[in-house]
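Undergrad: Provided herewith: work_5.cif, mmCIF, C-alpha atoms.
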```cif
data_target
#
loop_
_atom_site.label_atom_id
_atom_site.label_comp_id
_atom_site.auth_asym_id
_atom_site.auth_seq_id
_atom_site.Cartn_x
_atom_site.Cartn_y
_atom_site.Cartn_z
CA MET H 5 -9.66 -31.31 -34.10
CA ASN H 6 -6.97 -33.24 -32.24
CA TRP H 7 -8.40 -33.12 -28.70
CA THR H 8 -5.55 -35.21 -27.30
CA ALA H 9 -2.97 -32.72 -28.53
CA LEU H 10 -5.06 -29.78 -27.31
CA ILE H 11 -5.41 -31.24 -23.81
CA ALA H 12 -1.70 -32.04 -23.70
CA THR H 13 -0.84 -28.47 -24.70
CA ALA H 14 -3.14 -27.04 -22.03
CA ALA H 15 -1.68 -29.33 -19.39
CA LEU H 16 1.84 -28.32 -20.38
CA ALA H 17 0.92 -24.64 -20.09
CA LEU H 18 -0.57 -25.16 -16.62
CA SER H 19 2.49 -27.13 -15.57
CA GLY H 20 4.75 -24.31 -16.77
CA ALA H 21 2.74 -21.74 -14.81
CA ALA H 22 2.94 -23.88 -11.67
CA MET H 23 6.70 -24.29 -12.06
CA ALA H 24 7.12 -20.53 -12.48
CA GLN H 25 5.12 -19.92 -9.31
CA ASN H 26 7.15 -22.47 -7.37
CA THR H 27 10.37 -20.82 -8.56
CA ASP H 28 9.32 -17.26 -7.75
CA HIS H 29 7.38 -18.13 -4.56
CA PRO H 30 9.00 -21.28 -3.13
CA GLY H 31 6.77 -22.70 -0.42
CA ASP H 32 9.68 -24.04 1.64
CA LYS H 33 11.61 -20.76 1.75
CA THR H 34 11.26 -17.41 3.48
CA MET H 35 8.87 -15.02 1.74
CA VAL H 36 10.76 -11.95 0.45
CA VAL H 37 8.72 -8.75 0.12
CA GLY H 38 9.46 -5.03 -0.11
CA SER H 39 8.41 -1.84 1.65
CA ASP H 40 9.64 1.62 2.63
CA PHE H 41 10.44 1.49 6.36
CA GLY H 42 9.84 5.22 6.82
CA VAL H 43 6.04 5.26 7.09
CA ALA H 44 4.81 5.03 10.70
CA PRO H 45 2.90 3.22 12.02
CA TRP H 46 2.71 1.07 8.88
CA MET H 47 6.37 0.11 9.00
CA VAL H 48 9.37 1.57 10.82
CA ARG H 49 12.75 0.24 11.88
CA GLY H 50 12.65 -0.91 15.50
CA ALA H 51 15.38 -2.11 17.85
CA SER H 52 15.05 -5.70 16.62
CA GLY H 53 13.93 -5.07 13.04
CA PRO H 54 10.92 -3.61 11.24
CA GLU H 55 7.70 -3.17 13.20
CA GLY H 56 4.23 -1.78 12.62
CA PHE H 57 0.84 -2.59 11.14
CA GLY H 58 2.35 -3.69 7.83
CA VAL H 59 4.82 -6.01 9.56
CA ASP H 60 2.13 -7.72 11.63
CA MET H 61 -0.06 -8.08 8.55
CA ILE H 62 2.50 -9.70 6.23
CA THR H 63 3.85 -11.91 9.03
CA ASP H 64 0.35 -13.29 9.58
CA ILE H 65 -0.17 -13.76 5.83
CA ALA H 66 3.10 -15.70 5.48
CA LYS H 67 1.88 -18.14 8.14
CA ARG H 68 -1.53 -18.50 6.53
CA VAL H 69 -0.08 -19.37 3.10
CA GLY H 70 2.39 -21.82 4.60
CA ARG H 71 5.68 -19.97 4.22
CA PRO H 72 8.28 -20.58 6.98
CA GLY H 73 8.95 -16.87 7.55
CA VAL H 74 9.12 -13.45 5.93
CA GLU H 75 11.95 -11.05 5.03
CA ILE H 76 10.95 -7.44 4.44
CA VAL H 77 13.45 -5.55 2.28
CA ASP H 78 13.70 -1.81 3.04
CA ILE H 79 13.33 0.01 -0.30
CA ASN H 80 12.65 3.71 -0.89
CA PHE H 81 9.33 4.10 -2.65
CA SER H 82 10.99 5.45 -5.80
CA GLY H 83 12.80 2.11 -6.25
CA LEU H 84 10.01 -0.22 -5.19
CA PHE H 85 8.55 -1.11 -8.59
CA ALA H 86 11.99 -1.75 -10.10
CA ALA H 87 12.62 -4.22 -7.27
CA LEU H 88 9.29 -5.92 -8.00
CA PHE H 89 9.79 -6.25 -11.76
CA SER H 90 13.40 -7.46 -11.38
CA LYS H 91 12.17 -10.18 -8.96
CA ARG H 92 14.25 -8.86 -6.10
CA ILE H 93 11.03 -9.11 -4.09
CA GLU H 94 7.92 -11.28 -4.53
CA PHE H 95 5.40 -8.45 -4.07
CA THR H 96 4.99 -5.07 -2.39
CA VAL H 97 3.78 -4.68 1.19
CA ASN H 98 4.00 -0.91 1.58
CA PRO H 99 0.89 1.31 1.81
CA LEU H 100 0.37 1.36 -1.96
CA ASN H 101 -2.59 3.14 -3.54
CA ILE H 102 -4.55 1.25 -6.18
CA THR H 103 -4.62 3.33 -9.38
CA ALA H 104 -5.65 2.63 -12.98
CA GLU H 105 -2.20 3.62 -14.25
CA ARG H 106 -0.39 1.21 -11.96
CA ALA H 107 -2.89 -1.55 -12.68
CA GLU H 108 -1.66 -1.53 -16.29
CA ARG H 109 1.74 -2.77 -15.09
CA MET H 110 0.99 -4.88 -12.02
CA LEU H 111 -1.67 -7.02 -10.34
CA TYR H 112 -3.41 -5.75 -7.24
CA THR H 113 -5.08 -7.62 -4.43
CA GLU H 114 -8.53 -6.49 -3.39
CA PRO H 115 -8.57 -3.23 -1.36
CA PHE H 116 -7.91 -3.68 2.35
CA PHE H 117 -7.25 -0.17 3.72
CA ALA H 118 -9.17 3.05 2.99
CA THR H 119 -7.25 6.35 2.92
CA GLY H 120 -7.01 9.87 1.48
CA ASN H 121 -4.85 13.04 1.61
CA GLY H 122 -3.57 14.19 5.00
CA PHE H 123 -1.87 17.62 5.18
CA LEU H 124 0.60 18.15 8.04
CA VAL H 125 1.42 21.70 9.13
CA ARG H 126 3.34 23.27 11.99
CA ALA H 127 1.42 23.34 15.27
CA ALA H 128 1.05 27.14 15.15
CA ASP H 129 -0.19 27.23 11.53
CA GLU H 130 -3.67 26.66 10.10
CA MET H 131 -4.95 24.98 6.96
CA LYS H 132 -8.70 24.87 6.43
CA GLY H 133 -8.75 23.84 2.77
CA PHE H 134 -6.98 23.75 -0.56
CA GLU H 135 -7.20 27.54 -0.90
CA ASP H 136 -4.65 27.87 1.93
CA LEU H 137 -1.99 26.25 -0.29
CA LYS H 138 -1.75 29.23 -2.63
CA GLY H 139 1.78 30.62 -2.79
CA LYS H 140 3.09 27.96 -0.39
CA GLN H 141 5.57 25.06 -0.54
CA LEU H 142 4.16 21.53 -0.29
CA ALA H 143 6.49 18.61 0.59
CA VAL H 144 5.88 15.04 -0.61
CA ASN H 145 7.56 11.62 -0.59
CA ARG H 146 8.94 11.24 -4.12
CA GLY H 147 7.04 8.86 -6.42
CA THR H 148 4.04 8.31 -4.13
CA ILE H 149 0.38 8.99 -4.90
CA SER H 150 0.83 12.17 -2.85
CA ASP H 151 3.49 13.24 -5.35
CA THR H 152 1.09 12.44 -8.20
CA TRP H 153 -1.70 14.48 -6.58
CA ALA H 154 0.63 17.41 -5.92
CA THR H 155 1.94 17.42 -9.48
CA ALA H 156 -1.59 17.36 -10.91
CA ASN H 157 -2.91 20.10 -8.62
CA SER H 158 0.00 22.50 -8.09
CA GLU H 159 -1.11 24.89 -10.82
CA LYS H 160 -4.78 24.66 -9.85
CA TYR H 161 -4.15 25.63 -6.23
CA GLY H 162 -1.02 27.74 -6.80
CA PHE H 163 1.58 25.90 -4.70
CA GLU H 164 5.11 24.63 -5.39
CA VAL H 165 6.14 21.01 -4.85
CA GLN H 166 9.20 19.86 -2.90
CA ARG H 167 10.12 16.19 -3.29
CA TYR H 168 11.96 14.09 -0.70
CA ASP H 169 13.08 10.46 -0.69
CA THR H 170 11.40 9.64 2.65
CA PHE H 171 8.32 10.76 4.56
CA PRO H 172 10.34 11.86 7.64
CA ASP H 173 12.36 14.17 5.39
CA SER H 174 9.16 15.81 4.13
CA VAL H 175 7.97 16.31 7.73
CA GLN H 176 11.32 17.82 8.68
CA ALA H 177 10.90 20.30 5.82
CA VAL H 178 7.71 21.54 7.51
CA ILE H 179 9.27 21.74 10.98
CA THR H 180 12.24 23.74 9.64
CA ARG H 181 9.92 26.02 7.63
CA ARG H 182 11.23 24.97 4.23
CA ALA H 183 7.67 23.89 3.42
CA PHE H 184 4.23 24.94 4.65
CA THR H 185 2.77 21.43 4.61
CA ALA H 186 3.75 17.79 4.10
CA LEU H 187 1.27 15.59 2.26
CA ASN H 188 0.80 11.88 2.92
CA GLU H 189 -1.92 9.32 3.58
CA ILE H 190 -4.43 10.35 6.29
CA PRO H 191 -3.58 7.52 8.75
CA THR H 192 0.14 8.20 8.35
CA ALA H 193 -0.34 11.94 8.90
CA VAL H 194 -2.54 11.38 11.97
CA PHE H 195 0.01 9.04 13.53
CA ALA H 196 2.92 11.40 12.83
CA ALA H 197 1.09 14.34 14.43
CA ALA H 198 0.19 12.25 17.49
CA HIS H 199 3.88 11.59 18.10
CA ASN H 200 5.34 15.05 17.40
CA LYS H 201 4.02 18.16 19.14
CA ALA H 202 5.69 20.40 16.55
CA ILE H 203 3.14 19.40 13.88
CA LYS H 204 -0.58 18.71 13.48
CA VAL H 205 -2.98 17.55 10.78
CA GLY H 206 -4.21 20.77 9.22
CA PHE H 207 -6.64 19.28 6.70
CA LYS H 208 -8.03 15.87 5.74
CA ASP H 209 -9.22 15.07 2.22
CA PHE H 210 -11.13 11.77 2.27
CA ASN H 211 -11.32 10.80 -1.40
CA GLY H 212 -12.05 7.08 -1.61
CA ARG H 213 -8.51 5.82 -2.21
CA ASN H 214 -7.49 2.34 -1.07
CA PHE H 215 -4.31 0.38 -0.45
CA GLY H 216 -3.53 -3.03 -1.95
CA TYR H 217 -0.53 -5.30 -2.42
CA ALA H 218 0.99 -5.34 -5.93
CA PHE H 219 2.32 -8.39 -7.83
CA ARG H 220 3.91 -8.96 -11.21
CA LEU H 221 1.39 -9.48 -14.02
CA GLU H 222 2.25 -13.17 -14.43
CA ASP H 223 1.65 -13.94 -10.73
CA THR H 224 -2.13 -14.27 -10.86
CA ALA H 225 -2.26 -17.59 -9.00
CA TYR H 226 -0.06 -16.38 -6.16
CA ARG H 227 -1.89 -13.05 -5.95
CA ASN H 228 -5.08 -15.05 -5.47
CA THR H 229 -3.48 -17.18 -2.76
CA VAL H 230 -2.35 -14.12 -0.81
CA GLU H 231 -5.70 -12.42 -1.33
CA GLU H 232 -7.55 -15.33 0.23
CA ALA H 233 -5.33 -14.99 3.30
CA ILE H 234 -6.27 -11.29 3.46
CA GLU H 235 -9.95 -12.17 3.14
CA CYS H 236 -9.62 -14.60 6.05
CA MET H 237 -7.98 -11.87 8.14
CA LYS H 238 -10.94 -9.62 7.39
CA LEU H 239 -13.49 -12.31 8.22
CA ASP H 240 -11.97 -13.32 11.56
CA GLY H 241 -11.30 -9.72 12.64
CA THR H 242 -7.51 -9.97 12.58
CA LEU H 243 -7.01 -6.91 10.35
CA ALA H 244 -9.36 -4.76 12.41
CA ARG H 245 -7.53 -5.71 15.62
CA MET H 246 -4.17 -4.90 14.04
CA TYR H 247 -5.49 -1.52 12.93
CA GLU H 248 -6.72 -0.68 16.43
CA LYS H 249 -3.38 -1.79 17.93
CA TRP H 250 -1.27 0.47 15.70
CA TYR H 251 -3.58 3.39 14.88
CA GLY H 252 -5.20 3.73 18.28
CA SER H 253 -8.86 3.42 17.29
CA ALA H 254 -11.20 0.93 15.68
CA PRO H 255 -11.59 1.23 11.89
CA ASP H 256 -14.87 2.50 10.51
CA GLN H 257 -17.27 -0.37 9.90
CA THR H 258 -17.68 0.72 6.27
CA SER H 259 -13.92 0.62 5.67
CA THR H 260 -12.48 -1.87 3.19
CA ILE H 261 -10.52 -3.32 6.10
CA ASN H 262 -13.78 -5.10 6.94
CA ALA H 263 -15.09 -5.74 3.40
CA VAL H 264 -14.54 -8.99 1.48
CA PHE H 265 -14.95 -8.49 -2.28
CA VAL H 266 -16.33 -10.95 -4.82
CA GLY H 267 -13.60 -12.34 -7.07
CA TYR H 268 -9.88 -11.57 -7.02
CA GLY H 269 -8.17 -8.21 -7.37
CA ALA H 270 -9.51 -4.65 -7.19
CA PRO H 271 -13.00 -4.33 -8.74
CA GLY H 272 -13.06 -1.78 -11.55
CA PHE H 273 -9.35 -2.07 -12.28
CA LYS H 274 -7.40 -4.10 -14.82
CA GLY H 275 -6.38 -7.48 -13.43
CA TYR H 276 -9.65 -8.01 -11.56
CA GLU H 277 -11.11 -11.51 -11.95
CA PHE H 278 -14.80 -12.11 -11.30
CA LYS H 279 -14.42 -15.50 -9.66
CA PRO H 280 -16.77 -15.94 -6.70
CA HIS H 281 -15.09 -18.14 -4.11
CA VAL H 282 -14.98 -19.06 -0.46
CA PRO H 283 -11.50 -18.42 0.97
CA GLY H 284 -9.83 -21.47 2.48
CA CYS H 285 -9.47 -20.09 5.99
CA LYS H 286 -7.62 -22.18 8.59
#
```
If you took the structure in this file and wrote it as structure tokens, what would it be?
TA:
Amino acid sequence: MNWTALIATAALALSGAAMAQNTDHPGDKTMVVGSDFGVAPWMVRGASGPEGFGVDMITDIAKRVGRPGVEIVDINFSGLFAALFSKRIEFTVNPLNITAERAERMLYTEPFFATGNGFLVRAADEMKGFEDLKGKQLAVNRGTISDTWATANSEKYGFEVQRYDTFPDSVQAVITRRAFTALNEIPTAVFAAAHNKAIKVGFKDFNGRNFGYAFRLEDTAYRNTVEEAIECMKLDGTLARMYEKWYGSAPDQTSTINAVFVGYGAPGFKGYEFKPHVPGCK
């Protein structure tokens, strides 16, 4: 066996991977990421630009990985993955559920935010469980995990699905009585109800779902770099403080917002790497 040739080939491959990472994630340039701005308090458009939990989080990450700044591109959820795969953005920073189907097409970071189904109804209405959906209209943000859940369960529980391009549009459908309930992530639903007396959270379905950032399949090295920054934010309490700032209460101590996982990626999903490490926190 020609070991010299083999080593040279391996070195060339590593060099090519490094060059690709430098091209797609240039350390001396602003980090460009994507999110839907219509999900409060994760990310909304403020007077001077986007603001919210997700903005604070990615701004802190950009500093920790040495990027000079961050640009967050406002993209409706239905167009988010196309923007990722076309390299319009470097990775996603919206509240994105980790699923096995999505993990076939993209790399996830480890989980950092626990969630579930939150059902918003008008203040005068009641929803005690799934049985109250029978014969009703359920509004969702098109293309989200809420849309997936609604599609899979509409026949089982006997409701019809209305799809909207933004979360506020789905809430408006409830307020104007076009829909009985709007479905979104529990933290998002709780925040929306706290800021609008016309609606309330009728029912919470805690089901073990988690959010993670998503990268292109070839971006393993950069995914790992960003994940270590997230791990450092967990270890020094930064993520928990951000959560309390934007959601109004401390996260549960068993939440993944406080849990550092062994290896890189989401355990149990494709793209996970069992590589025990100590994050290089600064």
Undergrad: Which residues fall under the PyMOL selection byres ((chain H and resi 160-176) around 6) in this file, as number ranges by chain?
TA: H: 137-146, 157-159, 177-179, 186
Undergrad: Which residues of range 68-145 of chain H sit at most 12 Å from range 150-155 of chain H, using only C-alpha atoms? Give each one's shortest atom pair and distance in Å (one decimal place), in chain and ascending residue order, as a tab-separated table.
TA:
```
residue	atom	partner	partner_atom	distance
H:Phe81	CA	H:Asp151	CA	11.2
H:Ser82	CA	H:Asp151	CA	10.8
H:Pro99	CA	H:Ser150	CA	11.8
H:Leu100	CA	H:Ser150	CA	10.9
H:Asn101	CA	H:Ser150	CA	9.7
H:Thr103	CA	H:Thr152	CA	10.8
H:Glu105	CA	H:Thr152	CA	11.2
H:Arg106	CA	H:Thr152	CA	11.9
H:Thr119	CA	H:Ser150	CA	11.5
H:Gly120	CA	H:Ser150	CA	9.2
H:Asn121	CA	H:Ser150	CA	7.3
H:Gly122	CA	H:Ser150	CA	9.2
H:Phe123	CA	H:Ser150	CA	10.1
H:Phe134	CA	H:Ala154	CA	11.3
H:Leu137	CA	H:Ala154	CA	10.8
H:Gln141	CA	H:Ala154	CA	10.6
H:Leu142	CA	H:Ala154	CA	7.8
H:Ala143	CA	H:Asp151	CA	8.6
H:Val144	CA	H:Asp151	CA	5.6
H:Asn145	CA	H:Asp151	CA	6.5
```
Undergrad: Using Å and a single decimal, report how far CA of Phe265 in chain H sits from CA of Ile79 in chain H.
TA: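 Those two atoms sit 29.6 Å apart.
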Undergrad: Between H:Ala86, H:Leu187, H:Ala44, H:Val205, which has the minimum distance to Arg220 in chain H (counting all atoms listed in the file)?
TA: H:Ala86
Undergrad: Could you list the residues chosen by the PyMOL selection byres ((chain H and resi 283) around 9) in this structure as a VMD selection string?
TA: chain H and resid 229 231 to 233 235 to 236 281 to 282 284 to 285
Undergrad: Just say which residues the PyMOL selection byres ((chain H and resi 56) around 10) picks in this file, as a count of residues only.
TA: 21
Undergrad: Using only C-alpha atoms, which residue out of H:Ala202, H:Leu239, H:Ala107, H:Ala156 lies closest to Gly275 in chain H?
TA: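 Checking each candidate against Gly275 in chain H, we get H:Ala107 as the closest.
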Undergrad: Which residue out of H:Glu75, H:Tyr112, H:Glu189, H:Ala198 has the minimum interatomic distance to Ala127 in chain H when all atoms listed in the file are used?
TA: H:Ala198
Undergrad: At what distance in Å, to one decimal, does CA of Asn214 in chain H lie from CA of Asp136 in chain H?
TA: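 Computing it gives 25.9 Å between the two atoms.
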Undergrad: What is the distance, in Å and to one decimal place, between CA of Gly31 in chain H and CA of Ala87 in chain H?
TA: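 A separation of 20.6 Å between them.
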Undergrad: Just checking: using all atoms listed in the file, which residue out of H:Val97, H:Met35, H:Ile76, H:Ala104 ends up closest to Phe116 in chain H?
TA: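 Distance minimum relative to Phe116 in chain H lands on H:Val97.
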Undergrad: Kindly indicate which residue among H:Val36, H:Val69, H:Phe207, H:Asp223 lies nearest to Glu135 in chain H, using all atoms listed in the file for the distances.
TA: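 Closest to Glu135 in chain H of all the choices is H:Phe207.
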Undergrad: Within 12 Å of Ile234 in chain H, counting all atoms listed in the file, which residues qualify if same-chain residues fewer than 3 places away don't, as a PyMOL selection string?
TA: chain H and resi 61-69+113-117+216-217+227-231+237-244+260-265+268-269+283-285
Undergrad: Between H:Arg92, H:Arg182, H:Arg213, H:Lys132, which residue has the minimum interatomic distance to Val77 in chain H, considering only C-alpha atoms?
TA: H:Arg92
